[in-house]
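Working notes, beginning with the structure itself.
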Amino acid sequence: MKKLLILFLILGNFCLAGTISSVNEKGSKLSFLFSGSAKPAYQISYDSYNRLIFLEFPGSNMSTKLNDKNYTSKYVEDFSTVNYDGSVGFFIKLNKNISYSTSFSGNDFILSFNDKSGKKQYTIAIDAGHGGKDSGAVGYKKYYEKTIALSVAKYLRDELQKDFNVVMTRDSDVFVTLGNRPRIANKAKANMFVSVHVNSAIKNTLSGVEVFYFSKKSSPYAERIAAFENSVGDKYGEKTSNIVQIMGELAYKKNQEISIGFARKTSAALAKAMGMRDRGIHGANFAVLRGFNGPGVLVELGFINNNADIKKLTSPTAQKRMAQEIAKMVRENFY
Ligand SMILES: [Zn+2]
C-alpha cells in the first residue's frame, strides 16, 4: 500500500493507465482522446535544442493505429508514435518559434501550441537628446537641438514599434538627467540604446552625419563632442563622472563590438539616404551611453548651423526618412 502511495505521488494526480481512442489535430491543439473514467498518467519532456517533445502515457495503449503524417501542421514539423512495454509514447518535433503547454479537457490530454514568431522579443530604448531647460545646440538663433531630436525620436518610435517593444527616455519637452536616461533603459531591460542628437560647430561649413559609441578612450575630436553632450550634467548639477561604471570588462568589449558594427552601418545608411556626408564613427566617453547595460549609439544627425543640413533636420519628411533608416539598421541587427 505504501509503495502504491509513493507511485501515486510520483505521477501526480494523473495516475491511471488508459486507452487512447484517437488523436485529433485542430488549429493550435492536439487532443489525445482517452476512453475510460479517469485522467491518464503522463510524462512529458522537451529537448529545446532539437525542439523535440517526448510525451509518454505509461501503461496506456492505443485502440487504433494512427497515421502519423496526419499530425504535422504549422506547429508540428514531425510526429511519430512509439509503442513499447505496454506503454505508448509520441515524438513531436515542433516548428521554429513554437512553444507548448499541456492541459486536460475532461480525461482527454491536450497539447496547445503557441506561435511566438509574431511576438516582440526585443526592447529598444530611444533617447531624444536634451529637453526642457536644456536646449542642446542652437542654430540660426531659432533651431533647437532638443526639438529636432524629439521629433526624429518619435518617428523612430513609430517605426520600431512595428517589430520591437520601445521605451523612450522622454516623449515631450522635459529635462531628463544624463544619468536617468540609461537607468530608464536598463529598467525596461532594453536590448539596445539609441540616442538622437544634432551636431554643431563653430564653422558653418561642417556638415554630415556621424555616429558615436561608448569607449573609455576617445580621439581628441570625439572627446570634444562628448564634452559638449556631457556638459549638461555639469551645468545642471549632476556629476556625470561619478556615474558608476557598471559594465564589466567582458560585457564592455562585447557591447562595444556590436555598437561599432551598428554605428558604422547606421552612419553609412543615413548619409546615403539623406544625401549627406558620412563623417563616420567615433568612440567616446559619453555619459549617456556609459550607464547602459548593452550596446548603444549616439547619432548626430547633422549640423544645426549648416545651411544644407538644417533644411533636412527641420523637414518632417526628412526627419521621418532618418528615423526609417535608423529603424532599418536596428531591425537588421536583431533579425
Ligand atoms: Zn546633443
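Residues are referred to by chain and number: the chain letter is A, B, ... according to the order shown in the C-alpha cells, the number counts from 1 in that chain, and ligands are numbered separately from 1 in the order shown.
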* Within 7 Å of ligand 1, counting only C-alpha atoms and all ligand atoms, which protein or nucleic acid residues do you find, written as a list in words? ->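 Written in the requested form, the residues are Gly129, His130, Gly136, Ala137, Glu145, His197, Val198, Asn199 and Glu229 of chain A.
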* Determine, counting only C-alpha atoms, which protein, DNA and RNA residues have an atom within 10 Å of an atom of Asn61 of chain A; residues of the same chain fewer than 3 positions away are not included. Present the result as a list in words. =>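 Once the adjacent positions are removed, what remains is Ala17, Gly18, Thr19, Ile20, Ser21, Phe34, Phe57, Pro58, Thr64, Asn83, Tyr84, Asp85, Gly86, Ser87, Val88 and Gly89 of chain A.
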Dump N, CA and C atoms for the selected residues as a compact mmCIF listing (two decimals), in the first residue's frame?
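Generated output (out-v2.txt):
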# COMPACT_ATOMS: atom_id res chain seq x y z
N ALA A 17 -3.65 4.29 -15.95
CA ALA A 17 -3.43 3.90 -17.34
C ALA A 17 -4.74 4.12 -18.08
N GLY A 18 -4.64 4.21 -19.39
CA GLY A 18 -5.87 4.42 -20.15
C GLY A 18 -5.72 3.91 -21.57
N THR A 19 -6.77 4.08 -22.32
CA THR A 19 -6.74 3.68 -23.72
C THR A 19 -7.00 4.91 -24.58
N ILE A 20 -6.04 5.14 -25.49
CA ILE A 20 -6.21 6.29 -26.40
C ILE A 20 -7.08 5.83 -27.57
N SER A 21 -8.22 6.49 -27.73
CA SER A 21 -9.10 6.08 -28.83
C SER A 21 -8.75 6.82 -30.12
N PHE A 34 -9.03 9.97 -24.60
CA PHE A 34 -8.95 8.76 -23.78
C PHE A 34 -10.34 8.22 -23.48
N PHE A 57 2.56 8.09 -22.20
CA PHE A 57 1.44 7.70 -21.35
C PHE A 57 1.75 6.31 -20.79
N PRO A 58 2.39 6.24 -19.62
CA PRO A 58 2.82 4.94 -19.09
C PRO A 58 1.63 4.01 -18.85
N THR A 64 -6.52 2.30 -31.75
CA THR A 64 -6.47 2.37 -33.22
C THR A 64 -5.04 2.65 -33.65
N ASN A 83 5.18 2.47 -29.66
CA ASN A 83 4.58 1.57 -28.66
C ASN A 83 5.68 0.72 -28.06
N TYR A 84 5.72 0.61 -26.76
CA TYR A 84 6.77 -0.18 -26.12
C TYR A 84 6.32 -0.59 -24.73
N ASP A 85 6.73 -1.74 -24.32
CA ASP A 85 6.49 -2.23 -22.95
C ASP A 85 5.08 -1.95 -22.44
N GLY A 86 4.11 -2.08 -23.29
CA GLY A 86 2.73 -1.84 -22.86
C GLY A 86 2.42 -0.38 -22.61
N SER A 87 3.31 0.52 -23.10
CA SER A 87 3.04 1.96 -22.97
C SER A 87 3.00 2.56 -24.37
N VAL A 88 2.52 3.79 -24.43
CA VAL A 88 2.54 4.46 -25.73
C VAL A 88 3.18 5.83 -25.56
N GLY A 89 3.99 6.20 -26.55
CA GLY A 89 4.69 7.48 -26.48
C GLY A 89 4.64 8.19 -27.82
* Which residue gives the smallest distance to Asn97 of chain A among A:Ser151, A:Ser219, A:Thr81, A:Ser117, with only C-alpha atoms counted? ->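 Checking each of A:Ser151, A:Ser219, A:Thr81, A:Ser117 against Asn97 of chain A, counting only C-alpha atoms, the winner is A:Ser117.
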* To do: Find, counting only C-alpha atoms, the residue in A:Gly291, A:Pro40, A:Gly132, A:Gly106 that gets nearest to Asn180 of chain A.
  =>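 With only C-alpha atoms as the atom set, the closest residue is A:Gly291.
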* Glu159 of chain A: which residues within 8 Å, counting only C-alpha atoms, same-chain residues fewer than 6 positions away excluded, as a ChimeraX atom specification? -> /A:323-324,327
* For Leu111 of chain A, which residue out of A:Asn186, A:Asn333, A:Asn230, A:Ser31 is the nearest one, using only C-alpha atoms? ->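 Of all the options, A:Ser31 lies closest to Leu111 of chain A.
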* Measuring atom to atom with only C-alpha atoms, identify which of A:Ile202, A:Leu160, A:Met274, A:Ala226 is nearest to Tyr140 of chain A. => A:Ile202
* To do: Run DSSP on the backbone of this structure and report the residues of segment 62-227 of chain A it assigns to alpha helix (DSSP H), as a count of residues only.
  => 32
* Can you tell me, as a ChimeraX atom specification, what residues are no more than 8 Å from segment 292-296 of chain A when counting only C-alpha atoms, ignoring any on the same chain fewer than 5 positions away? -> /A:182-183,185-186,190-195,213-214,246-247,251,255-256,258-259
Output of the above residues as a CSV table (one decimal), in the first residue's frame, restricted to C-alpha atoms:
chain,number,residue,atom,x,y,z
A,182,PRO,CA,20.3,54.8,-19.3
A,183,ARG,CA,18.6,54.0,-16.0
A,185,ALA,CA,16.5,51.9,-20.5
A,186,ASN,CA,18.0,49.4,-18.0
A,190,ALA,CA,16.3,47.3,-23.3
A,191,ASN,CA,18.5,45.4,-25.7
A,192,MET,CA,19.8,48.5,-27.4
A,193,PHE,CA,20.1,52.2,-26.7
A,194,VAL,CA,19.8,54.8,-29.5
A,195,SER,CA,20.4,58.4,-28.5
A,213,TYR,CA,29.6,54.6,-29.5
A,214,PHE,CA,30.8,54.3,-25.9
A,246,ILE,CA,28.5,49.1,-14.1
A,247,MET,CA,29.5,47.2,-17.2
A,251,ALA,CA,30.3,43.0,-21.4
A,255,ASN,CA,28.7,45.6,-26.4
A,256,GLN,CA,31.3,47.8,-28.0
A,258,ILE,CA,28.0,45.3,-31.5
A,259,SER,CA,27.8,49.1,-31.1
* To do: From a DSSP calculation on the backbone, collect every residue of segment 32-158 of chain A in strand (DSSP E) and output the set as number ranges by chain.
  => A: 32-35, 43-47, 52-57, 61-62, 76-84, 87-94, 98-105, 108-115, 123-128, 138-139, 143-144
* Asked: Mind pulling up the distance from atom CA of Ser215 of chain A to atom CA of Val232 of chain A?
  ->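 Straight-line distance from atom CA of Val232 of chain A to atom CA of Ser215 of chain A works out to 19.1 Å.
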* Quick one: residues within 8 Å of Thr205 of chain A, only C-alpha atoms counted, chain neighbours fewer than 2 positions away excluded, as a PyMOL selection string? -> chain A and resi 203+207+306
Thr72 of chain A environment, 12 Å, only C-alpha atoms, sequence neighbours closer than 2 positions dropped, as a PDB file with all heavy atoms, in the first residue's frame:
ATOM      1  N   ASN A  24      -6.636  13.953 -32.160  1.00  0.00           N
ATOM      2  CA  ASN A  24      -7.192  14.930 -33.097  1.00  0.00           C
ATOM      3  C   ASN A  24      -6.308  16.157 -33.193  1.00  0.00           C
ATOM      4  O   ASN A  24      -5.849  16.681 -32.183  1.00  0.00           O
ATOM      5  CB  ASN A  24      -8.573  15.401 -32.612  1.00  0.00           C
ATOM      6  CG  ASN A  24      -9.612  14.321 -32.794  1.00  0.00           C
ATOM      7  OD1 ASN A  24      -9.380  13.337 -33.498  1.00  0.00           O
ATOM      8  ND2 ASN A  24     -10.757  14.500 -32.151  1.00  0.00           N
ATOM      9  N   GLU A  25      -6.096  16.592 -34.416  1.00  0.00           N
ATOM     10  CA  GLU A  25      -5.340  17.821 -34.626  1.00  0.00           C
ATOM     11  C   GLU A  25      -6.318  18.883 -35.108  1.00  0.00           C
ATOM     12  O   GLU A  25      -6.994  18.715 -36.118  1.00  0.00           O
ATOM     13  CB  GLU A  25      -4.251  17.579 -35.685  1.00  0.00           C
ATOM     14  CG  GLU A  25      -3.332  18.744 -35.917  1.00  0.00           C
ATOM     15  CD  GLU A  25      -3.612  19.502 -37.197  1.00  0.00           C
ATOM     16  OE1 GLU A  25      -3.682  18.878 -38.263  1.00  0.00           O
ATOM     17  OE2 GLU A  25      -3.769  20.728 -37.122  1.00  0.00           O
ATOM     18  N   LYS A  26      -6.431  19.965 -34.320  1.00  0.00           N
ATOM     19  CA  LYS A  26      -7.341  21.031 -34.733  1.00  0.00           C
ATOM     20  C   LYS A  26      -6.740  22.371 -34.317  1.00  0.00           C
ATOM     21  O   LYS A  26      -6.502  22.606 -33.135  1.00  0.00           O
ATOM     22  CB  LYS A  26      -8.709  20.830 -34.084  1.00  0.00           C
ATOM     23  CG  LYS A  26      -9.807  21.592 -34.800  1.00  0.00           C
ATOM     24  CD  LYS A  26     -11.160  21.351 -34.185  1.00  0.00           C
ATOM     25  CE  LYS A  26     -12.177  22.255 -34.882  1.00  0.00           C
ATOM     26  NZ  LYS A  26     -13.378  22.427 -34.104  1.00  0.00           N
ATOM     27  N   GLY A  27      -6.492  23.233 -35.295  1.00  0.00           N
ATOM     28  CA  GLY A  27      -5.916  24.550 -35.019  1.00  0.00           C
ATOM     29  C   GLY A  27      -4.617  24.414 -34.255  1.00  0.00           C
ATOM     30  O   GLY A  27      -3.711  23.700 -34.674  1.00  0.00           O
ATOM     31  N   SER A  28      -4.526  25.058 -33.108  1.00  0.00           N
ATOM     32  CA  SER A  28      -3.286  25.039 -32.353  1.00  0.00           C
ATOM     33  C   SER A  28      -3.301  23.950 -31.276  1.00  0.00           C
ATOM     34  O   SER A  28      -2.462  23.955 -30.391  1.00  0.00           O
ATOM     35  CB  SER A  28      -3.067  26.404 -31.710  1.00  0.00           C
ATOM     36  OG  SER A  28      -4.120  26.661 -30.818  1.00  0.00           O
ATOM     37  N   LYS A  29      -4.260  23.042 -31.372  1.00  0.00           N
ATOM     38  CA  LYS A  29      -4.367  21.997 -30.338  1.00  0.00           C
ATOM     39  C   LYS A  29      -4.252  20.592 -30.903  1.00  0.00           C
ATOM     40  O   LYS A  29      -4.734  20.293 -31.989  1.00  0.00           O
ATOM     41  CB  LYS A  29      -5.713  22.128 -29.613  1.00  0.00           C
ATOM     42  CG  LYS A  29      -5.786  23.343 -28.699  1.00  0.00           C
ATOM     43  CD  LYS A  29      -7.055  23.323 -27.902  1.00  0.00           C
ATOM     44  CE  LYS A  29      -7.214  24.492 -26.960  1.00  0.00           C
ATOM     45  NZ  LYS A  29      -6.281  25.579 -26.984  1.00  0.00           N
ATOM     46  N   LEU A  30      -3.598  19.762 -30.097  1.00  0.00           N
ATOM     47  CA  LEU A  30      -3.501  18.342 -30.407  1.00  0.00           C
ATOM     48  C   LEU A  30      -4.151  17.631 -29.214  1.00  0.00           C
ATOM     49  O   LEU A  30      -3.676  17.753 -28.088  1.00  0.00           O
ATOM     50  CB  LEU A  30      -2.023  17.987 -30.524  1.00  0.00           C
ATOM     51  CG  LEU A  30      -1.571  16.853 -31.432  1.00  0.00           C
ATOM     52  CD1 LEU A  30      -2.137  16.980 -32.831  1.00  0.00           C
ATOM     53  CD2 LEU A  30      -0.041  16.840 -31.507  1.00  0.00           C
ATOM     54  N   ASN A  67      -2.223   7.365 -38.306  1.00  0.00           N
ATOM     55  CA  ASN A  67      -1.379   7.735 -39.436  1.00  0.00           C
ATOM     56  C   ASN A  67      -0.605   8.996 -39.021  1.00  0.00           C
ATOM     57  O   ASN A  67      -1.149  10.102 -39.004  1.00  0.00           O
ATOM     58  CB  ASN A  67      -2.252   8.005 -40.667  1.00  0.00           C
ATOM     59  CG  ASN A  67      -1.399   8.360 -41.875  1.00  0.00           C
ATOM     60  OD1 ASN A  67      -0.180   8.534 -41.763  1.00  0.00           O
ATOM     61  ND2 ASN A  67      -2.035   8.467 -43.027  1.00  0.00           N
ATOM     62  N   ASP A  68       0.656   8.800 -38.653  1.00  0.00           N
ATOM     63  CA  ASP A  68       1.458   9.892 -38.066  1.00  0.00           C
ATOM     64  C   ASP A  68       1.529  11.131 -38.959  1.00  0.00           C
ATOM     65  O   ASP A  68       1.679  12.251 -38.483  1.00  0.00           O
ATOM     66  CB  ASP A  68       2.875   9.394 -37.765  1.00  0.00           C
ATOM     67  CG  ASP A  68       2.884   8.426 -36.584  1.00  0.00           C
ATOM     68  OD1 ASP A  68       1.868   8.364 -35.859  1.00  0.00           O
ATOM     69  OD2 ASP A  68       3.902   7.738 -36.398  1.00  0.00           O
ATOM     70  N   LYS A  69       1.410  10.909 -40.268  1.00  0.00           N
ATOM     71  CA  LYS A  69       1.510  12.037 -41.219  1.00  0.00           C
ATOM     72  C   LYS A  69       0.380  13.045 -41.050  1.00  0.00           C
ATOM     73  O   LYS A  69       0.501  14.202 -41.440  1.00  0.00           O
ATOM     74  CB  LYS A  69       1.507  11.502 -42.654  1.00  0.00           C
ATOM     75  CG  LYS A  69       2.813  10.834 -43.020  1.00  0.00           C
ATOM     76  CD  LYS A  69       2.910  10.638 -44.525  1.00  0.00           C
ATOM     77  CE  LYS A  69       4.264  10.136 -44.940  1.00  0.00           C
ATOM     78  NZ  LYS A  69       4.614   8.868 -44.248  1.00  0.00           N
ATOM     79  N   ASN A  70      -0.736  12.588 -40.455  1.00  0.00           N
ATOM     80  CA  ASN A  70      -1.889  13.488 -40.299  1.00  0.00           C
ATOM     81  C   ASN A  70      -1.672  14.572 -39.255  1.00  0.00           C
ATOM     82  O   ASN A  70      -2.484  15.474 -39.116  1.00  0.00           O
ATOM     83  CB  ASN A  70      -3.139  12.685 -39.873  1.00  0.00           C
ATOM     84  CG  ASN A  70      -3.630  11.809 -40.991  1.00  0.00           C
ATOM     85  OD1 ASN A  70      -3.242  12.015 -42.142  1.00  0.00           O
ATOM     86  ND2 ASN A  70      -4.442  10.823 -40.674  1.00  0.00           N
ATOM     87  N   LYS A  74       1.320  23.642 -39.013  1.00  0.00           N
ATOM     88  CA  LYS A  74       2.226  24.806 -38.909  1.00  0.00           C
ATOM     89  C   LYS A  74       2.956  24.826 -37.567  1.00  0.00           C
ATOM     90  O   LYS A  74       3.929  25.546 -37.377  1.00  0.00           O
ATOM     91  CB  LYS A  74       1.483  26.112 -39.164  1.00  0.00           C
ATOM     92  CG  LYS A  74       0.463  26.486 -38.105  1.00  0.00           C
ATOM     93  CD  LYS A  74      -0.215  27.802 -38.422  1.00  0.00           C
ATOM     94  CE  LYS A  74       0.489  28.978 -37.742  1.00  0.00           C
ATOM     95  NZ  LYS A  74      -0.437  30.065 -37.378  1.00  0.00           N
ATOM     96  N   TYR A  75       2.470  24.048 -36.621  1.00  0.00           N
ATOM     97  CA  TYR A  75       3.116  23.977 -35.308  1.00  0.00           C
ATOM     98  C   TYR A  75       4.041  22.763 -35.180  1.00  0.00           C
ATOM     99  O   TYR A  75       5.053  22.823 -34.502  1.00  0.00           O
ATOM    100  CB  TYR A  75       2.060  23.904 -34.201  1.00  0.00           C
ATOM    101  CG  TYR A  75       1.076  25.037 -34.239  1.00  0.00           C
ATOM    102  CD1 TYR A  75      -0.190  24.874 -34.804  1.00  0.00           C
ATOM    103  CD2 TYR A  75       1.419  26.288 -33.731  1.00  0.00           C
ATOM    104  CE1 TYR A  75      -1.089  25.940 -34.851  1.00  0.00           C
ATOM    105  CE2 TYR A  75       0.530  27.349 -33.777  1.00  0.00           C
ATOM    106  CZ  TYR A  75      -0.719  27.167 -34.344  1.00  0.00           C
ATOM    107  OH  TYR A  75      -1.598  28.211 -34.396  1.00  0.00           O
ATOM    108  N   VAL A  76       3.629  21.679 -35.826  1.00  0.00           N
ATOM    109  CA  VAL A  76       4.343  20.405 -35.673  1.00  0.00           C
ATOM    110  C   VAL A  76       5.052  20.025 -36.969  1.00  0.00           C
ATOM    111  O   VAL A  76       4.424  19.885 -38.012  1.00  0.00           O
ATOM    112  CB  VAL A  76       3.352  19.286 -35.264  1.00  0.00           C
ATOM    113  CG1 VAL A  76       4.041  17.925 -35.220  1.00  0.00           C
ATOM    114  CG2 VAL A  76       2.733  19.613 -33.911  1.00  0.00           C
ATOM    115  N   GLU A  77       6.376  19.914 -36.864  1.00  0.00           N
ATOM    116  CA  GLU A  77       7.158  19.561 -38.054  1.00  0.00           C
ATOM    117  C   GLU A  77       7.114  18.051 -38.300  1.00  0.00           C
ATOM    118  O   GLU A  77       7.069  17.590 -39.434  1.00  0.00           O
ATOM    119  CB  GLU A  77       8.603  20.023 -37.850  1.00  0.00           C
ATOM    120  CG  GLU A  77       9.480  19.868 -39.075  1.00  0.00           C
ATOM    121  CD  GLU A  77      10.916  20.317 -38.803  1.00  0.00           C
ATOM    122  OE1 GLU A  77      11.099  21.460 -38.325  1.00  0.00           O
ATOM    123  OE2 GLU A  77      11.837  19.528 -39.040  1.00  0.00           O
ATOM    124  N   ASP A  78       7.154  17.283 -37.214  1.00  0.00           N
ATOM    125  CA  ASP A  78       7.187  15.831 -37.360  1.00  0.00           C
ATOM    126  C   ASP A  78       6.497  15.169 -36.167  1.00  0.00           C
ATOM    127  O   ASP A  78       6.579  15.670 -35.041  1.00  0.00           O
ATOM    128  CB  ASP A  78       8.649  15.378 -37.448  1.00  0.00           C
ATOM    129  CG  ASP A  78       8.746  13.957 -37.959  1.00  0.00           C
ATOM    130  OD1 ASP A  78       8.057  13.637 -38.948  1.00  0.00           O
ATOM    131  OD2 ASP A  78       9.475  13.156 -37.343  1.00  0.00           O
ATOM    132  N   PHE A  79       5.819  14.085 -36.462  1.00  0.00           N
ATOM    133  CA  PHE A  79       5.048  13.401 -35.408  1.00  0.00           C
ATOM    134  C   PHE A  79       5.265  11.910 -35.579  1.00  0.00           C
ATOM    135  O   PHE A  79       5.155  11.384 -36.684  1.00  0.00           O
ATOM    136  CB  PHE A  79       3.568  13.750 -35.596  1.00  0.00           C
ATOM    137  CG  PHE A  79       2.636  13.164 -34.564  1.00  0.00           C
ATOM    138  CD1 PHE A  79       2.203  13.923 -33.483  1.00  0.00           C
ATOM    139  CD2 PHE A  79       2.172  11.859 -34.681  1.00  0.00           C
ATOM    140  CE1 PHE A  79       1.327  13.398 -32.536  1.00  0.00           C
ATOM    141  CE2 PHE A  79       1.296  11.328 -33.733  1.00  0.00           C
ATOM    142  CZ  PHE A  79       0.876  12.104 -32.664  1.00  0.00           C
ATOM    143  N   SER A  80       5.596  11.198 -34.516  1.00  0.00           N
ATOM    144  CA  SER A  80       5.654   9.742 -34.634  1.00  0.00           C
ATOM    145  C   SER A  80       5.229   9.067 -33.336  1.00  0.00           C
ATOM    146  O   SER A  80       5.452   9.578 -32.230  1.00  0.00           O
ATOM    147  CB  SER A  80       7.051   9.285 -35.068  1.00  0.00           C
ATOM    148  OG  SER A  80       8.002   9.683 -34.121  1.00  0.00           O
ATOM    149  N   PHE A  91       6.781  11.160 -30.241  1.00  0.00           N
ATOM    150  CA  PHE A  91       7.834  12.145 -30.501  1.00  0.00           C
ATOM    151  C   PHE A  91       7.194  13.242 -31.334  1.00  0.00           C
ATOM    152  O   PHE A  91       6.677  12.977 -32.418  1.00  0.00           O
ATOM    153  CB  PHE A  91       8.994  11.519 -31.275  1.00  0.00           C
ATOM    154  CG  PHE A  91       9.860  10.642 -30.420  1.00  0.00           C
ATOM    155  CD1 PHE A  91       9.789   9.257 -30.512  1.00  0.00           C
ATOM    156  CD2 PHE A  91      10.754  11.213 -29.520  1.00  0.00           C
ATOM    157  CE1 PHE A  91      10.593   8.457 -29.720  1.00  0.00           C
ATOM    158  CE2 PHE A  91      11.565  10.412 -28.724  1.00  0.00           C
ATOM    159  CZ  PHE A  91      11.479   9.034 -28.824  1.00  0.00           C
ATOM    160  N   ILE A  92       7.226  14.450 -30.813  1.00  0.00           N
ATOM    161  CA  ILE A  92       6.587  15.565 -31.529  1.00  0.00           C
ATOM    162  C   ILE A  92       7.634  16.652 -31.719  1.00  0.00           C
ATOM    163  O   ILE A  92       8.071  17.286 -30.755  1.00  0.00           O
ATOM    164  CB  ILE A  92       5.382  16.107 -30.727  1.00  0.00           C
ATOM    165  CG1 ILE A  92       4.364  14.970 -30.515  1.00  0.00           C
ATOM    166  CG2 ILE A  92       4.732  17.285 -31.445  1.00  0.00           C
ATOM    167  CD1 ILE A  92       3.394  15.228 -29.379  1.00  0.00           C
ATOM    168  N   LYS A  93       8.054  16.821 -32.971  1.00  0.00           N
ATOM    169  CA  LYS A  93       9.046  17.863 -33.234  1.00  0.00           C
ATOM    170  C   LYS A  93       8.326  19.153 -33.597  1.00  0.00           C
ATOM    171  O   LYS A  93       7.524  19.195 -34.536  1.00  0.00           O
ATOM    172  CB  LYS A  93       9.974  17.433 -34.375  1.00  0.00           C
ATOM    173  CG  LYS A  93      10.957  18.534 -34.719  1.00  0.00           C
ATOM    174  CD  LYS A  93      12.179  18.095 -35.435  1.00  0.00           C
ATOM    175  CE  LYS A  93      13.053  19.313 -35.638  1.00  0.00           C
ATOM    176  NZ  LYS A  93      14.420  19.077 -35.832  1.00  0.00           N
ATOM    177  N   LEU A  94       8.616  20.212 -32.855  1.00  0.00           N
ATOM    178  CA  LEU A  94       7.940  21.488 -33.091  1.00  0.00           C
ATOM    179  C   LEU A  94       8.618  22.269 -34.206  1.00  0.00           C
ATOM    180  O   LEU A  94       9.826  22.136 -34.432  1.00  0.00           O
ATOM    181  CB  LEU A  94       7.956  22.337 -31.814  1.00  0.00           C
ATOM    182  CG  LEU A  94       7.261  21.751 -30.588  1.00  0.00           C
ATOM    183  CD1 LEU A  94       7.353  22.733 -29.412  1.00  0.00           C
ATOM    184  CD2 LEU A  94       5.802  21.447 -30.900  1.00  0.00           C
ATOM    185  N   ASN A  95       7.839  23.084 -34.880  1.00  0.00           N
ATOM    186  CA  ASN A  95       8.438  24.026 -35.818  1.00  0.00           C
ATOM    187  C   ASN A  95       9.144  25.126 -35.037  1.00  0.00           C
ATOM    188  O   ASN A  95       8.986  25.231 -33.812  1.00  0.00           O
ATOM    189  CB  ASN A  95       7.359  24.616 -36.731  1.00  0.00           C
ATOM    190  CG  ASN A  95       7.085  23.708 -37.914  1.00  0.00           C
ATOM    191  OD1 ASN A  95       8.018  23.231 -38.567  1.00  0.00           O
ATOM    192  ND2 ASN A  95       5.819  23.446 -38.185  1.00  0.00           N
TER     193      ASN A  95
END
